[in-house]
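Heads up, the thing below is written out as structure tokens.
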Amino acid sequence: MELRTLRYFLAAANEENITRAADILHVTQPTLSRQLMDLEKELGTTLMLRGKKGMTLTDDGIYFRQRAEEIVELADRLEQDFVERNTGISGVISIGASEAVGSRLFAKLIAQFSEKYPLVQFNLYNEMADQIKDRLDKGLVDVGLLLEPVDTAKYDFVRLSQKETWGILMRRDHPLAERTSIEPQELISYPLILPLRERVRTEIMNWLRCEEKDLKIPLYYTLLSNTALLVEEGLGCAFCLDGALSIHSSPDLRFVPISPEHTTRSVLIWKKNHLFSPATSLFIQEINLLRANME
């Protein structure tokens with residue numbers, strides 16, 4: 001299986017049309033059709049269903065597309081790394097970031113680095129921690145900003161100094177909105193919106209001293225942006241961090257800390273013993289300087 005074949009497949013999958021994909025790839029339609037059929041024969045499965053209105057991916061095709069995108073992205077990054085090694089400090093640094101107050105310090109760090117090295121570009125993926133770690137492990141992201149708890153055994157890391165406080169996001173007209181803090185027994189009778197991340201939900205259940213099956217949970221979420229809108233619409237109260245809320249503040253919402261207080265911190269992580277591109281290596285040096293200034 002060649003990298004070129006993966007690119008052919010992805011073009012056809014994106015366009016859902018052989019003719020348009022062939023035009024984009026600058027190959028003939030019969031050539032592209034033959035390449036795709038050979039690929040399916042090699043894999044022993046059907047990746048695409050051909051119809052009069054175009055093509056649709058099978059379940060195997062959807063899975064193959066995800067893996068092909070990862071392989072092609074990794075190959076492109078590898079090629080770019082070698083280009084960077086023979087030029088000035090340029091290239092692309094891929095960042096994965098969760099919503100947190102640590103994002104503000106991270107954003108300042110990126111802006112300062114960009115001013116110092118204007119030829120460097122950044123790709124930013126805003127995702128939950130588990131997805132960022134998966135991208136890190138696959139080499140698709142260079143540096144991740146995650147919220148604890150984080151297993152850092154495989155990574156070098158810098159723990160940021162700013163604390164993140166857990167609390168409840170609710171509408172201003174909610175019966176508990178004027179409280180200065182909320183205790184577990186006051187909350188369990190209301191619909192609750194919980195983070196999708198399992199390790200975080202375990203901590204929440206420990207605080208509530210109950211099981212998820214005993215709660216009314218209309219929604220699980222990954223990032224707070226759209227969730228805050230659903231809280232405004234009255235779907236329920238959302239467990240979240242004050243740092244994430246500061247990015248998506250609204251006059252119609254109220255954040256109330258939980259009691260007893262529960263805080264966490266953001267962590268910048270990257271793979272141990274990994275050979276990075278020159279640009280990424282310099283960026284990691286800047287992160288380590290940040291650690292030195294915090295100690």
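Ligands are numbered from 1 in the order shown, residues from 1 within each chain, and chains are lettered A, B, ... in the order they appear in the structure tokens.
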Segment 197-208 of chain A surroundings by only C-alpha atoms, 10 Å radius, close-in-sequence under 4 positions cut, as a PyMOL selection string: chain A and resi 128-131+147-150+166+183-188+212+220-222+239+258-260+262
Long-range neighbours of Phe157 of chain A as a ChimeraX atom specification, 10 Å cut-off, only C-alpha atoms, 5 positions minimum in chain: /A:143-145,152,267-272,284,287-288,291
Picked from segment 146-240 of chain A by DSSP as strand (DSSP E or B), as a ChimeraX atom specification: /A:146-147,155-171,182,192-195,219-221,237-240
d(atom CA of Ile24 of chain A, atom CA of Ala11 of chain A) in Å: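 We find that atom CA of Ile24 of chain A and atom CA of Ala11 of chain A lie 7.8 Å from each other.
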Expected answer as a PyMOL selection string: helix (DSSP H, G or I) residues in segment 115-273 of chain A: chain A and resi 115-116+129-137+184-187+198-208+212-214+224-232+242-247
